[in-house]
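Worksheet: one structure, shown below.
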Amino acid sequence: MSGGGAGPDAAPPPLWRHRPFLLLLGGYALSGVGDHFFDLAVEWHVYASSGSSLQVAAVGVAFQLAYTLIGPVAGVLADRWDRRRTLIVCDALRGLIVMGAAAVAWLAVLPFWAAASTVFVLEAIGQFFYASRQPFIPLVVPRAELVAANGALSGAGHAAGIAGRAFGGVVVSAAGTAVAILSDAVSFWISAACVWLIRTPRPSLAEERPVAAPSDAAGEGQRGGWARFWSEMKEGWGAIAGIPLIRTLVVYAVLINFAYAMIQPVFPAYVATQLRLGAWALGLIQSAILVGGLSGGLLAGTVSRRVPAGRAVILSFSSFALVMVAIGLSGSLEFALALWALFGFTLTVQGAATQALEQALIPQAVMGRAVALSSALSMALMPLGTLLGGYAGNLVGAGAVLTAVGVFEALLALLLAGNPGLRRADVREVGPAA
């Protein structure tokens with residue numbers, strides 16, 4: 001796949017001088033800060049007005065439902081539409097919706113049902129945005145810079161989390177919920193303007209060819225809308241099932257997210273019982289994870305120039321497993337902060353390498369639906385992991401759960417290391433399936 005319009009022998013500009021990518025990165029980072037403003041404001045507003053942690057959790061469920069229910073549908077439709085135009089429209093619409101929520105919060109109390117509905121609608125529209133953004137990246141940057149680009153975007157997301165959570169609390173306290181929410185609306189519109197300023201060539205005919213051969217024109221014209229929809233979704237499944245390396249990555253994502261979900265419910269217990277500290281330490285550890293993720297994003301490009309993407313996935317996954325075992329056995333805050341920062345670093349490098357392989361292997365024509373379907377699959381076992389982690393935490397303690405997660409991930413890392421296709425995979429050499 002070509003990126004940024006450069007010919008195959010042309011030397012592309014360094015990523016940090018690549019104007020289209022810088023526009024994409026800037027809009028993404030600013031929008032991410034706004035998203036954290038919005039999330040913090042809504043969480044605080046719902047809890048402050050109701051005193052119910054259950055209502056706060058229900059807002060989170062609205063997010064998850066939109067992700068799992070809308071994602072596969074969004075992937076199919078996003079592959080029919082122009083990538084750039086979809087990104088612009090999604091950001092513009094989300095800005096309008098958030099502005100409406102800010103107006104309600106300004107004029108009156110934002111009721112729980114309105115907050116949950118806003119989150120659901122925003123995330124539903126967001127699924128179309130996400131299904132278009134990942135295929136859009138290879139149209140913006142050269143193939144050799146895909147890992148670096150994904151790493152930079154991930155790092156920007158972590159930096160946005162640090163800034164958004166830190167300054168969002170200040171804005172909510174000083175100016176109120178409505179102002180914090182309105183800030184998110186403005187960030188969406190600036191992000192839309194950044195994408196509007198990007199100009200990219202259309203993908204080549206080879207990249208537009210779907211994984212499954214289409215029917216003849218007459219037969220296609222006789223089929224109804226639903227038949228066409230399911231046929232296109234099957235092409236997305238074909239990109240996952242028909243490309244061995246993508247299939248491996250999706251299976252691994254399902255399992256790693258299952259294990260990752262077990263970590264979340266024992267986080268407070270880990271801080272309170274194993275480190276014997278208070279809520280301030282929980283915030284400090286979460287900041288360490290974000291700092292590690294930011295570092296991983298900034299260094300992902302450097303790693304990619306020395307280690308092929310497939311090996312980077314294996315090494316990151318192995319490091320993640322060892323870090324989790326060490327965290328489960330650690331009782332020192334200083335040591336824990338370093339380990340959690342390394343945790344964020346390894347996850348970010350692994351994520352950047354995985355996304356780059358998907359972008360290099362999956363044809364443009366089906367990438368939106370394939371990525372959306374793989375994302376939905378990767379979350380399939382997370383509710384089970386969350387429940388199992390919470391139950392096991394009460395039964396054997398947080399440290400034992402974290403250690404067990406590390407051992408489980410180490411076994412998965414061994415299986416991945418035994419995959420010859422993954423060991424050899426390099427975004428500079430692989431290409432889309434025919």
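Going through the structure tokens in order, the chains are called A, B, and so on, while each chain numbers its residues from 1 and the ligands are numbered from 1 in the order shown.
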Can you list, as JSON, numbers by chain, every protein, DNA or RNA residue that comes within 12 Å of A:Arg305 when you count only C-alpha atoms, leaving out same-chain residues fewer than 5 positions away? {"A": [144, 145, 146, 147, 148, 299, 300, 311, 312, 353, 426, 427, 428]}
Considering only alpha helix (DSSP H) as DSSP defines it on the backbone, what residues of stretch 116-308 of chain A qualify? List them as a ChimeraX atom specification. /A:116-140,146-175,177-196,205-208,217-222,225-241,244-263,267-269,279-306
Could you write out that same residue set with C-alpha atoms as a compact mmCIF listing (two decimals), in the first residue's frame?
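Contents of part23.txt, freshly written:
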```txt
# COMPACT_ATOMS: atom_id res chain seq x y z
CA ALA A 116 -26.13 7.32 29.63
CA SER A 117 -27.96 8.01 26.36
CA THR A 118 -25.39 10.62 25.35
CA VAL A 119 -22.54 8.21 26.05
CA PHE A 120 -24.26 5.47 24.02
CA VAL A 121 -24.94 7.74 21.02
CA LEU A 122 -21.44 9.22 21.09
CA GLU A 123 -19.83 5.80 21.17
CA ALA A 124 -22.19 4.50 18.47
CA ILE A 125 -21.06 7.30 16.15
CA GLY A 126 -17.53 6.68 17.35
CA GLN A 127 -17.64 3.15 15.95
CA PHE A 128 -17.93 4.60 12.43
CA PHE A 129 -15.02 6.91 13.23
CA TYR A 130 -12.80 4.08 14.53
CA ALA A 131 -13.68 1.81 11.60
CA SER A 132 -12.50 4.55 9.21
CA ARG A 133 -9.48 5.88 11.10
CA GLN A 134 -7.37 2.73 11.08
CA PRO A 135 -7.72 2.21 7.29
CA PHE A 136 -7.10 5.96 6.84
CA ILE A 137 -3.65 5.84 8.50
CA PRO A 138 -1.99 3.83 5.65
CA LEU A 139 -3.30 6.47 3.23
CA VAL A 140 -1.55 9.19 5.23
CA LEU A 146 3.14 2.48 10.14
CA VAL A 147 4.43 1.19 13.49
CA ALA A 148 5.84 4.61 14.35
CA ALA A 149 2.59 6.30 13.34
CA ASN A 150 0.42 3.95 15.39
CA GLY A 151 2.81 4.28 18.30
CA ALA A 152 2.72 8.07 18.10
CA LEU A 153 -1.09 8.06 18.03
CA SER A 154 -1.22 5.68 20.98
CA GLY A 155 1.31 7.79 22.86
CA ALA A 156 -0.74 10.89 22.12
CA GLY A 157 -3.77 9.09 23.53
CA HIS A 158 -1.91 8.38 26.76
CA ALA A 159 -0.65 11.96 26.96
CA ALA A 160 -4.22 13.13 26.41
CA GLY A 161 -5.29 10.89 29.29
CA ILE A 162 -2.72 12.41 31.61
CA ALA A 163 -3.62 15.98 30.66
CA GLY A 164 -7.36 15.36 30.39
CA ARG A 165 -7.70 13.70 33.78
CA ALA A 166 -5.46 16.22 35.52
CA PHE A 167 -6.92 19.41 34.02
CA GLY A 168 -10.44 18.02 33.64
CA GLY A 169 -10.81 17.79 37.40
CA VAL A 170 -9.63 21.39 37.75
CA VAL A 171 -12.08 22.61 35.10
CA VAL A 172 -15.02 20.75 36.66
CA SER A 173 -14.17 22.12 40.12
CA ALA A 174 -13.54 25.69 38.96
CA ALA A 175 -16.01 26.18 36.09
CA THR A 177 -19.66 20.32 34.49
CA ALA A 178 -21.13 22.21 31.53
CA VAL A 179 -17.87 23.99 30.68
CA ALA A 180 -15.89 20.74 30.83
CA ILE A 181 -18.41 19.03 28.54
CA LEU A 182 -18.45 22.00 26.13
CA SER A 183 -14.65 21.73 25.88
CA ASP A 184 -15.11 18.25 24.42
CA ALA A 185 -17.49 19.62 21.76
CA VAL A 186 -14.89 22.20 20.70
CA SER A 187 -12.18 19.52 20.56
CA PHE A 188 -14.33 17.41 18.20
CA TRP A 189 -14.77 20.32 15.82
CA ILE A 190 -11.05 21.12 15.82
CA SER A 191 -10.32 17.44 15.10
CA ALA A 192 -12.76 17.54 12.17
CA ALA A 193 -11.02 20.65 10.82
CA CYS A 194 -7.62 18.92 11.07
CA VAL A 195 -8.85 15.95 9.02
CA TRP A 196 -10.48 18.31 6.50
CA LEU A 205 -7.24 -0.71 -7.55
CA ALA A 206 -5.33 -3.59 -6.00
CA GLU A 207 -6.06 -2.22 -2.56
CA GLU A 208 -9.73 -1.71 -3.35
CA ALA A 217 -23.39 -7.35 -11.71
CA ALA A 218 -26.81 -8.77 -12.56
CA GLY A 219 -26.89 -11.04 -9.53
CA GLU A 220 -25.68 -8.22 -7.29
CA GLY A 221 -28.43 -5.94 -8.49
CA GLN A 222 -31.13 -8.49 -7.64
CA GLY A 225 -30.14 -4.56 1.09
CA TRP A 226 -29.83 -7.09 3.91
CA ALA A 227 -28.39 -9.73 1.62
CA ARG A 228 -25.77 -7.27 0.45
CA PHE A 229 -25.06 -6.21 4.02
CA TRP A 230 -24.45 -9.77 5.23
CA SER A 231 -22.39 -10.51 2.14
CA GLU A 232 -20.14 -7.56 2.92
CA MET A 233 -19.87 -8.56 6.55
CA LYS A 234 -18.82 -12.05 5.42
CA GLU A 235 -16.03 -10.40 3.44
CA GLY A 236 -14.87 -8.83 6.70
CA TRP A 237 -14.92 -12.25 8.33
CA GLY A 238 -12.99 -13.53 5.33
CA ALA A 239 -10.21 -11.02 5.99
CA ILE A 240 -9.93 -12.32 9.54
CA ALA A 241 -10.32 -16.03 8.89
CA PRO A 244 -3.49 -16.76 9.00
CA LEU A 245 -1.54 -14.03 10.75
CA ILE A 246 -4.63 -11.86 11.28
CA ARG A 247 -6.47 -14.90 12.62
CA THR A 248 -3.64 -15.48 15.11
CA LEU A 249 -3.63 -11.85 16.22
CA VAL A 250 -7.38 -11.84 16.79
CA VAL A 251 -7.27 -15.01 18.89
CA TYR A 252 -4.44 -13.54 20.93
CA ALA A 253 -6.38 -10.27 21.39
CA VAL A 254 -9.41 -12.17 22.73
CA LEU A 255 -7.25 -13.95 25.30
CA ILE A 256 -5.15 -10.97 26.35
CA ASN A 257 -8.26 -8.83 26.87
CA PHE A 258 -9.82 -11.62 28.91
CA ALA A 259 -6.77 -11.61 31.17
CA TYR A 260 -6.56 -7.79 31.20
CA ALA A 261 -10.18 -7.58 32.33
CA MET A 262 -9.29 -9.62 35.42
CA ILE A 263 -6.87 -6.88 36.49
CA PHE A 267 -6.89 -2.70 41.33
CA PRO A 268 -8.28 -1.01 44.50
CA ALA A 269 -7.72 -4.16 46.57
CA ALA A 279 -6.63 6.16 46.98
CA TRP A 280 -3.83 8.63 46.22
CA ALA A 281 -1.57 5.69 45.38
CA LEU A 282 -4.20 4.30 42.98
CA GLY A 283 -4.15 7.57 41.05
CA LEU A 284 -0.36 7.59 41.09
CA ILE A 285 -0.19 4.06 39.64
CA GLN A 286 -2.72 4.89 36.92
CA SER A 287 -0.60 7.92 36.02
CA ALA A 288 2.48 5.67 35.85
CA ILE A 289 0.67 3.43 33.36
CA LEU A 290 -0.15 6.45 31.20
CA VAL A 291 3.43 7.71 31.37
CA GLY A 292 4.69 4.27 30.34
CA GLY A 293 2.21 4.22 27.49
CA LEU A 294 3.33 7.65 26.34
CA SER A 295 6.96 6.48 26.36
CA GLY A 296 6.01 3.35 24.43
CA GLY A 297 4.24 5.41 21.82
CA LEU A 298 7.20 7.73 21.35
CA LEU A 299 9.66 4.83 21.06
CA ALA A 300 7.53 2.44 18.98
CA GLY A 301 9.01 3.81 15.75
CA THR A 302 12.56 3.31 17.04
CA VAL A 303 11.70 -0.25 18.04
CA SER A 304 10.17 -0.92 14.61
CA ARG A 305 13.39 0.06 12.85
CA ARG A 306 15.32 -2.55 14.82
```
What's the 12 Å shell around A:Ile314, counting only C-alpha atoms, without same-chain residues fewer than 2 positions away, as a count of residues only? 39
One decimal, Å: what's the distance from atom CA of A:Ala338 over to atom CA of A:Ala29, could you say? 25.0 Å
